Each structure stands twice: as structure tokens, then as C-alpha cells.
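A short worksheet on the structure shown next.
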Amino acid sequence: MKSYSNLTALRALIKASLQSIFKSPSAIVFGVAFPLIFIMVFGFLGGGKDPVFSVANALTSDTTVSLNRSLHQVPQLKWKSFATQNEIDAALQNGTITATIAIQQPIASQPAQIVIQAASSGAKNLPALQAIVKQVIQLQDPSIQQKMAAIANVQIRIQQVRAYKSIDFILPGQLGFSLLAGSVFGTAFVFFNLRQTLVLKRFFATPVRKEIIVVSEGIARMLFQLLTSLVIIVIGHFAFGFTLVNGFWTGLEMLLLSALGIIVFMGFGFVVSGLAKTDATIPPIANLITLPQFLLAGTFFSIDNFPKWLQPITKAMPLTYLNDAMRKIAFDGAHLWDVKADILVLCLFGLGIYLLASRVFKWE
């Protein structure tokens with residue numbers, strides 16, 4: 001007699017799970033349609049980010065003069081500090097700051113000189129930024145309203161760098177949230193329904209091993225969500241100019257990172273399915289996990305824009321690290337090894353959530 005093959009059972013269960021997922025309208029909506037709607041909206045809105053006057057002192061700037069102190073008191077300017085020129089260049093390139101401001105001491109009878117340097121992608125914000133700086137200069141000596149050059153000479157330089165578009169920030173965030181929502185809701189509903197309809201109990205009457213059931217569903221969900229991730233990345237790149245610095249290889253690394261995110265987020269789904277008493281309680285419990293991350297994990301806005309007291313909370317969310325790693329790989333050209341800190345944090349989240357899942361998950 002031919003022996004029973006758990007490998008054959010695994011393939012059959014994966015196929016059945018994939019067929020079930022593709023027949024589910026909610027899976028298509030949350031996996032593809034929902035994130036694509038946001039991507040299309042932001043894609044059609046245009047290429048630049050909303051002007052936010054985040055600035056930094058150039059390394060050559062004289063920070064001891066009173067003008068520098070006055071500029072730091074302007075509420076429209078949000079100052080950031082960097083240790084090296086490479087950090088400044090990266091911040092200009094990815095839109096973290098709008099410009100650098102360099103104040104040079106006056107020489108002999110020459111006025112002080114202020115050099116505003118911005119990336120080409122932030123050039124549209126320069127007139128407003130220049131107006132703010134000139135207003136502060138005027139306030140240094142209100143009696144001189146018509147002799148601006150006698151106080152300081154404001155120069156503007158534009159640094160040519162790769163343009164950072166809205167889609168470059170939005171798409172990784174939407175991709176990350178798609179993986180989170182699909183993994184949590186999909187896993188929770190599937191295993192709860194399998195338990196409630198006694199399908200899992202019937203499986204126990206067969207030679208198939210318990211772990212094969214879990215692994216098959218996990219593989220099926222990963223294949224589906226990696227396919228949706230590929231669709232989102234391809235549409236974003238070719239339709240809206242989403243930046244893939246190293247082309248195909250960048251896309252491949254994003255998919256590998258997506259696979260890790262799916263594995264971690266499915267752990268939350270196992271926990272939800274174990275805690276839920278009825279199928280009606282799954283959405284509220286799942287939303288407690290997904291909605292805070294949707295709003296606070298850098299999906300739409302950089303977490304740097306949140307108040308300082310809120311930022312530790314944002315950094316306690318796994319989606320924050322997935323979004324951060326995705327953006328570094330896509331736009332900065334980082335590789336998986338370069339984002340090892342984000343990957344390590346995701347793995348720690350995964351370890352913790354699967355330990356919890358092992359305690360609350362129910363087979364019957």
C-alpha cells in the first residue's frame with residue numbers, strides 16, 4: 001500500500017486555500033483595490049510633497065550670531081541637525097528637509113551673507129522660504145526697511161538631486177498597510193471559520209499533520225499577497241513614476257521584505273482568531289491592531305511630523321519599521337543588509353507575537 005504523503009496534502013491545501021482567497025471579494029478589495037485607490041489619488045495630485053519648511057544649518061554656518069538665534073525662533077521653520085555632509089545631502093534628496101541655511105560673518109564693509117541651498121525638488125518652496133528669512137533680517141533692525149543689503153545678502157543655490165515625489169513616500173506605506181490588513185484579517189477569519197465549521201476537527205481524522213494545515217494556509221496567503229505587492233509596485237512604477245533605484249533588483253528586495261512582513265503580521269491574525277468568540281468580534285479586535293498602525297506608523301505622513309511625545313508610540317509598531325525599510329530600499333538604493341536594524345526589530349516582533357499566538361490559538 002502506498003504511504004500517505006504530507007507533501008501531497010500540503011500542495012492540495014495550498015491550492016484549495018488560493019482558490020478560496022481569489023474567490024473572496026474582500027481579499028481583492030483590501031489587498032489590491034484599497035491601496036491602489038490611495039496610490040492613484042496621490043499619483044494624480046502631482047509629483048511634489050507639500051511644502052514643509054524643515055531646514056538645517058549648513059556645516060559651515062556661523063551659529064553664534066544673533067541672526068541664527070532669531071531664525072531658530074521662527075515658528076514656520078522646523079530645524080533639524082545633522083553631523084555630516086552626507087547626512088545633509090541625503091536629507092535634501094529624500095525631502096526630510098527643504099533647504100540648508102548658511103550664515104557667513106560680514107567681512108570689512110560687506111554685509112553678512114546668507115546662503116539658502118535646496119534640492120531641485122524643493123525649489124518651488126524657495127520664494128516663501130526666502131521671504132521668511134528676509135523678514136527675520138528686517139526685524140534685526142526695523143529702522144532699515146529699504147536697505148536690505150546693508151543687513152545681509154541672501155543668496156539661493158539649488159542642488160540637483162533625484163526628485164522625491166509624493167508617490168515615493170505614499171506607495172511603500174500603502175504597500176505595508178495592505179500586507180498588515182490582509183495578513184491580520186485574512187488569517188483571523190480563515191482559521192476562526194475553519195474551527196467553527198469543524199473543518200479542522202475533520203482534518204484530525206486524517207493522517208495530515210496539524211502543522212501542515214497552518215503552513216499551507218500561510219504559504220497560500222503569502223503567495224497571494226506577494227502577487228498583490230507586485231501589482232502595486234508595477235503600477236506605481238510605470239503609471240506614476242514610483243522610484244525603483246536599482247530597477248528589478250530593488251523590486252525583488254521589496255518583495256523579500258514583504259514576505260517577512262507577511263510572516264510577522266500573520267502572527268497577529270493567529271492571536272485574533274484565538275481571542276475572538278464569534279466572527280462578529282474579529283473586526284473590532286483586528287482593528288485595534290491595524291488602525292493605530294495605519295494612522296501612526298508613517299503610512300501617510302513622516303513620523304517626524306508627529307509631536308515628540310507621540311513618536312515613542314509610533315516606534316512601538318512593527319509597520320513603522322517595515323515602511324521605513326521599504327522606503328530606504330526603494331528610493332535610497334539600500335539593500336536588505338543595510339536595513340538590518342529594521343529587519344531585526346520586525347523579527348523580534350514576530351518572535352513575541354508567535355509566542356503569544358502559541359498560548360491563545362485554539363484548534364477546536
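Residue numbering restarts at 1 for every chain of the C-alpha cells, chains are lettered A, B, ... in their displayed order, and ligands are numbered from 1 as they appear.
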
Self-check item: Polymer residues at most 12 Å from A:Phe192, only C-alpha atoms, same-chain spacing of 5 or more positions, as number ranges by chain
Solution: A: 185-187, 197-200, 269-282, 361-364

Grab the residues selected above and save them as a compact mmCIF listing (two decimals), in the first residue's frame with N, CA and C atoms.
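As a result, part-v9.txt now contains:
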```txt
# COMPACT_ATOMS: atom_id res chain seq x y z
N PHE A 185 -6.50 40.26 9.02
CA PHE A 185 -7.90 39.91 8.79
C PHE A 185 -8.03 38.55 8.11
N GLY A 186 -7.21 38.31 7.08
CA GLY A 186 -7.31 37.06 6.33
C GLY A 186 -7.05 35.85 7.21
N THR A 187 -5.95 35.89 7.95
CA THR A 187 -5.60 34.75 8.81
C THR A 187 -6.64 34.55 9.90
N THR A 197 -16.64 25.78 11.69
CA THR A 197 -17.33 24.85 10.78
C THR A 197 -16.84 23.42 10.96
N LEU A 198 -15.98 23.21 11.96
CA LEU A 198 -15.46 21.87 12.31
C LEU A 198 -14.59 21.27 11.22
N VAL A 199 -14.11 22.11 10.29
CA VAL A 199 -13.21 21.59 9.25
C VAL A 199 -11.90 21.12 9.87
N LEU A 200 -11.38 21.90 10.83
CA LEU A 200 -10.15 21.48 11.49
C LEU A 200 -10.33 20.15 12.22
N GLY A 269 -2.79 37.71 13.23
CA GLY A 269 -4.02 37.06 12.80
C GLY A 269 -4.32 35.81 13.61
N PHE A 270 -3.29 35.02 13.92
CA PHE A 270 -3.47 33.83 14.76
C PHE A 270 -3.95 34.22 16.15
N VAL A 271 -3.40 35.32 16.69
CA VAL A 271 -3.82 35.78 18.01
C VAL A 271 -5.29 36.21 17.99
N VAL A 272 -5.67 36.97 16.96
CA VAL A 272 -7.05 37.44 16.86
C VAL A 272 -8.02 36.26 16.75
N SER A 273 -7.68 35.28 15.92
CA SER A 273 -8.57 34.13 15.74
C SER A 273 -8.71 33.34 17.04
N GLY A 274 -7.68 33.36 17.88
CA GLY A 274 -7.77 32.66 19.16
C GLY A 274 -8.56 33.43 20.20
N LEU A 275 -8.50 34.75 20.14
CA LEU A 275 -9.21 35.57 21.12
C LEU A 275 -10.69 35.75 20.78
N ALA A 276 -11.03 35.74 19.50
CA ALA A 276 -12.40 36.01 19.06
C ALA A 276 -13.35 34.90 19.51
N LYS A 277 -14.50 35.30 20.05
CA LYS A 277 -15.52 34.34 20.47
C LYS A 277 -16.53 34.07 19.35
N THR A 278 -16.78 35.10 18.53
CA THR A 278 -17.65 34.97 17.37
C THR A 278 -17.00 35.69 16.21
N ASP A 279 -17.51 35.43 14.98
CA ASP A 279 -16.93 36.11 13.82
C ASP A 279 -17.19 37.61 13.86
N ALA A 280 -18.21 38.04 14.61
CA ALA A 280 -18.51 39.48 14.71
C ALA A 280 -17.49 40.21 15.56
N THR A 281 -16.77 39.49 16.41
CA THR A 281 -15.78 40.15 17.27
C THR A 281 -14.40 40.24 16.61
N ILE A 282 -14.24 39.60 15.46
CA ILE A 282 -12.94 39.64 14.78
C ILE A 282 -12.59 41.05 14.31
N PHE A 361 -4.00 30.48 20.62
CA PHE A 361 -4.60 29.86 19.44
C PHE A 361 -5.32 28.56 19.83
N LYS A 362 -6.48 28.37 19.25
CA LYS A 362 -7.31 27.21 19.56
C LYS A 362 -7.53 26.38 18.30
N TRP A 363 -7.43 25.07 18.45
CA TRP A 363 -7.70 24.16 17.33
C TRP A 363 -9.18 23.79 17.27
N GLU A 364 -9.86 23.83 18.40
CA GLU A 364 -11.27 23.43 18.44
C GLU A 364 -12.10 24.46 19.17
```

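For A:Ala181, the set of protein, DNA and RNA residues having any atom at most 10 Å away, when counting only C-alpha atoms and skipping those fewer than 5 positions along the same chain, is Ala27, Phe30, Gly31, Gly176, Gly186, Thr187, Ile262, Phe265, Met266, Gly269, Ala286, Asn287, Ile289, Thr290, Leu291 and Phe294 of chain A.
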
Quiz item: Between A:Ile21, A:Ala239, A:Ile353, A:Ile329, which has the minimum distance to A:Gly182 (counting only C-alpha atoms)?
Solution: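 Result for the nearest residue to A:Gly182: A:Ile21.
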
Practice problem: Tell me, as a PyMOL selection string, which residues lie within 12 Å of A:Gly350, counting only C-alpha atoms; anything in the same chain fewer than 3 positions away does not count. | Solution: chain A and resi 260-271+317-319+343-347+353-357

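The residue set within 12 Å of A:Gly251, counting only C-alpha atoms and dropping same-chain residues fewer than 5 places from it, reads Pro172, Leu226, Ser229, Leu230, Val231, Ile232, Ile233, Val234, Gly236, His237, Phe242, Thr243, Leu244, Val245, Asn246, Leu256, Leu257, Ser258, Met326, Arg327, Ile329, Ala330, Phe331, Gly333, Ala334, His335 and Leu336 of chain A.
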
Could you save the residues just selected, with C-alpha atoms, as a PDB file, in the first residue's frame?
```pdb
ATOM      1  CA  PRO A 172       5.607  51.952   0.489  1.00  0.00           C
ATOM      2  CA  LEU A 226       3.191  38.841  -2.814  1.00  0.00           C
ATOM      3  CA  SER A 229       2.507  43.567  -3.817  1.00  0.00           C
ATOM      4  CA  LEU A 230       3.975  43.008  -7.265  1.00  0.00           C
ATOM      5  CA  VAL A 231       0.878  44.537  -8.876  1.00  0.00           C
ATOM      6  CA  ILE A 232       1.074  47.602  -6.620  1.00  0.00           C
ATOM      7  CA  ILE A 233       4.797  48.129  -7.264  1.00  0.00           C
ATOM      8  CA  VAL A 234       4.499  47.676 -11.047  1.00  0.00           C
ATOM      9  CA  GLY A 236       3.159  52.584  -9.112  1.00  0.00           C
ATOM     10  CA  HIS A 237       6.401  52.489 -11.091  1.00  0.00           C
ATOM     11  CA  PHE A 242       7.472  55.374  -8.313  1.00  0.00           C
ATOM     12  CA  THR A 243      11.244  55.276  -7.883  1.00  0.00           C
ATOM     13  CA  LEU A 244      12.987  51.898  -8.026  1.00  0.00           C
ATOM     14  CA  VAL A 245      16.632  52.955  -7.797  1.00  0.00           C
ATOM     15  CA  ASN A 246      18.090  49.650  -8.942  1.00  0.00           C
ATOM     16  CA  LEU A 256      11.528  39.709   0.013  1.00  0.00           C
ATOM     17  CA  LEU A 257      10.922  42.313   2.695  1.00  0.00           C
ATOM     18  CA  SER A 258       7.180  41.970   2.053  1.00  0.00           C
ATOM     19  CA  MET A 326      10.716  49.814   2.213  1.00  0.00           C
ATOM     20  CA  ARG A 327      11.436  53.498   1.589  1.00  0.00           C
ATOM     21  CA  ILE A 329      15.329  50.244  -0.332  1.00  0.00           C
ATOM     22  CA  ALA A 330      13.101  51.850  -2.976  1.00  0.00           C
ATOM     23  CA  PHE A 331      14.435  55.424  -3.022  1.00  0.00           C
ATOM     24  CA  GLY A 333      19.035  52.299  -3.005  1.00  0.00           C
ATOM     25  CA  ALA A 334      19.687  50.468   0.271  1.00  0.00           C
ATOM     26  CA  HIS A 335      19.925  46.687   0.290  1.00  0.00           C
ATOM     27  CA  LEU A 336      18.453  44.247   2.785  1.00  0.00           C
TER      28      LEU A 336
END
```

Exercise. Enumerate, as a list in words, the complete set of residues in stretch 110-350 of chain A that a backbone-based DSSP assignment places in strand (DSSP E).
Key: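 DSSP-assigned strand (DSSP E) residues in stretch 110-350 of chain A: Ala112, Gln113, Ile114, Val115, Ile116, Gln117, Ala118, Ala119, Ala152, Asn153, Val154, Gln155, Ile156, Arg157, Ile158 and Gln159 of chain A.
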
Exercise. Would you mind telling me which residue in A:Glu253, A:Phe306, A:Phe300, A:Arg195 lies nearest to A:Val339 when using only C-alpha atoms?
Key: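 Residue with the minimum atom-to-atom distance to A:Val339: A:Glu253.
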
Quiz item: Pick the closest to A:Lys328 from A:Phe301, A:Phe189, A:Phe248, A:Phe169: which is it, counting only C-alpha atoms?
Solution: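 Of A:Phe301, A:Phe189, A:Phe248, A:Phe169, the one nearest A:Lys328 is A:Phe169, counting only C-alpha atoms.
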
Quiz item: Closest to A:Ala325 among A:Ile103, A:Gly173, A:Ile137, A:Phe238, using only C-alpha atoms?
Solution: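 Smallest distance to A:Ala325 is found for A:Gly173.
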
Exercise. Write out as a PyMOL selection string each polymer residue whose atoms come within 6 Å of stretch 205-217 of chain A, counting only C-alpha atoms; drop sequence neighbours fewer than 3 positions from it.
Key: chain A and resi 6+10+13-14+202+220

Keeping C-alpha atoms for every residue in the selection just given, could you write it to a file as a compact mmCIF listing (two decimals), in the first residue's frame?
```
# COMPACT_ATOMS: atom_id res chain seq x y z
CA ASN A 6 2.02 15.05 3.80
CA LEU A 10 0.43 20.39 1.59
CA LEU A 13 -4.26 22.52 0.80
CA ILE A 14 -2.27 25.39 -0.72
CA ARG A 202 -12.38 16.71 10.41
CA ALA A 220 -1.20 30.41 0.20
```

Exercise. Record the distance separating atom CA of A:Ala102 and atom CA of A:Val55, expressed in Å with one decimal.
Key: 10.6 Å

Self-check item: Filtered DSSP result for stretch 66-105 of chain A, state alpha helix (DSSP H), as number ranges by chain
Solution: A: 66-72, 85-94

Give me the residues near stretch 72-80 of chain A as a compact mmCIF listing (two decimals) with N, CA and C atoms, in the first residue's frame, where near means some atom within 10 Å (using only C-alpha atoms) and where sequence neighbours in that chain fewer than 3 positions away do not count.
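Wrote it out as around.txt, contents follow:
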```txt
# COMPACT_ATOMS: atom_id res chain seq x y z
N VAL A 52 6.88 71.94 3.34
CA VAL A 52 7.08 72.00 4.78
C VAL A 52 8.49 72.53 5.00
N PHE A 53 8.59 73.61 5.76
CA PHE A 53 9.88 74.27 5.87
C PHE A 53 10.72 73.64 6.96
N SER A 54 11.12 72.42 6.73
CA SER A 54 12.12 71.77 7.58
C SER A 54 13.48 72.17 7.04
N VAL A 55 14.31 72.74 7.89
CA VAL A 55 15.61 73.26 7.45
C VAL A 55 16.69 72.80 8.42
N ALA A 56 17.92 73.01 8.01
CA ALA A 56 19.07 72.66 8.85
C ALA A 56 20.17 73.68 8.64
N ASN A 57 20.99 73.87 9.65
CA ASN A 57 22.18 74.71 9.49
C ASN A 57 23.20 73.98 8.63
N SER A 66 23.51 86.52 16.30
CA SER A 66 22.13 86.72 16.76
C SER A 66 21.11 86.36 15.68
N LEU A 67 21.50 86.55 14.41
CA LEU A 67 20.59 86.23 13.32
C LEU A 67 20.23 84.74 13.32
N ASN A 68 21.20 83.90 13.62
CA ASN A 68 20.93 82.46 13.69
C ASN A 68 19.94 82.16 14.81
N ARG A 69 20.11 82.80 15.95
CA ARG A 69 19.18 82.58 17.06
C ARG A 69 17.78 83.06 16.70
N ILE A 88 23.29 65.43 5.40
CA ILE A 88 22.56 66.59 4.89
C ILE A 88 22.12 66.34 3.44
N ALA A 91 19.24 64.01 3.36
CA ALA A 91 18.01 64.66 3.83
C ALA A 91 17.42 65.58 2.77
N THR A 96 13.47 65.16 3.56
CA THR A 96 13.39 65.34 5.01
C THR A 96 13.52 66.81 5.38
N ILE A 97 14.37 67.53 4.65
CA ILE A 97 14.49 68.98 4.85
C ILE A 97 14.29 69.68 3.51
N THR A 98 13.79 70.91 3.57
CA THR A 98 13.58 71.70 2.36
C THR A 98 14.88 72.34 1.90
N THR A 100 19.10 73.96 3.37
CA THR A 100 20.06 74.30 4.42
C THR A 100 20.29 75.81 4.38
N LEU A 129 10.37 80.60 1.48
CA LEU A 129 11.42 80.47 2.48
C LEU A 129 12.31 81.70 2.49
N ILE A 132 10.63 84.54 4.35
CA ILE A 132 10.70 84.40 5.80
C ILE A 132 12.06 84.85 6.32
N VAL A 133 13.13 84.44 5.63
CA VAL A 133 14.47 84.82 6.06
C VAL A 133 14.66 86.33 5.97
N VAL A 136 12.97 88.09 8.84
CA VAL A 136 13.75 87.99 10.08
C VAL A 136 14.91 88.98 10.05
N ASN A 305 6.86 64.27 11.81
CA ASN A 305 5.89 65.36 11.89
C ASN A 305 4.98 65.25 13.11
```
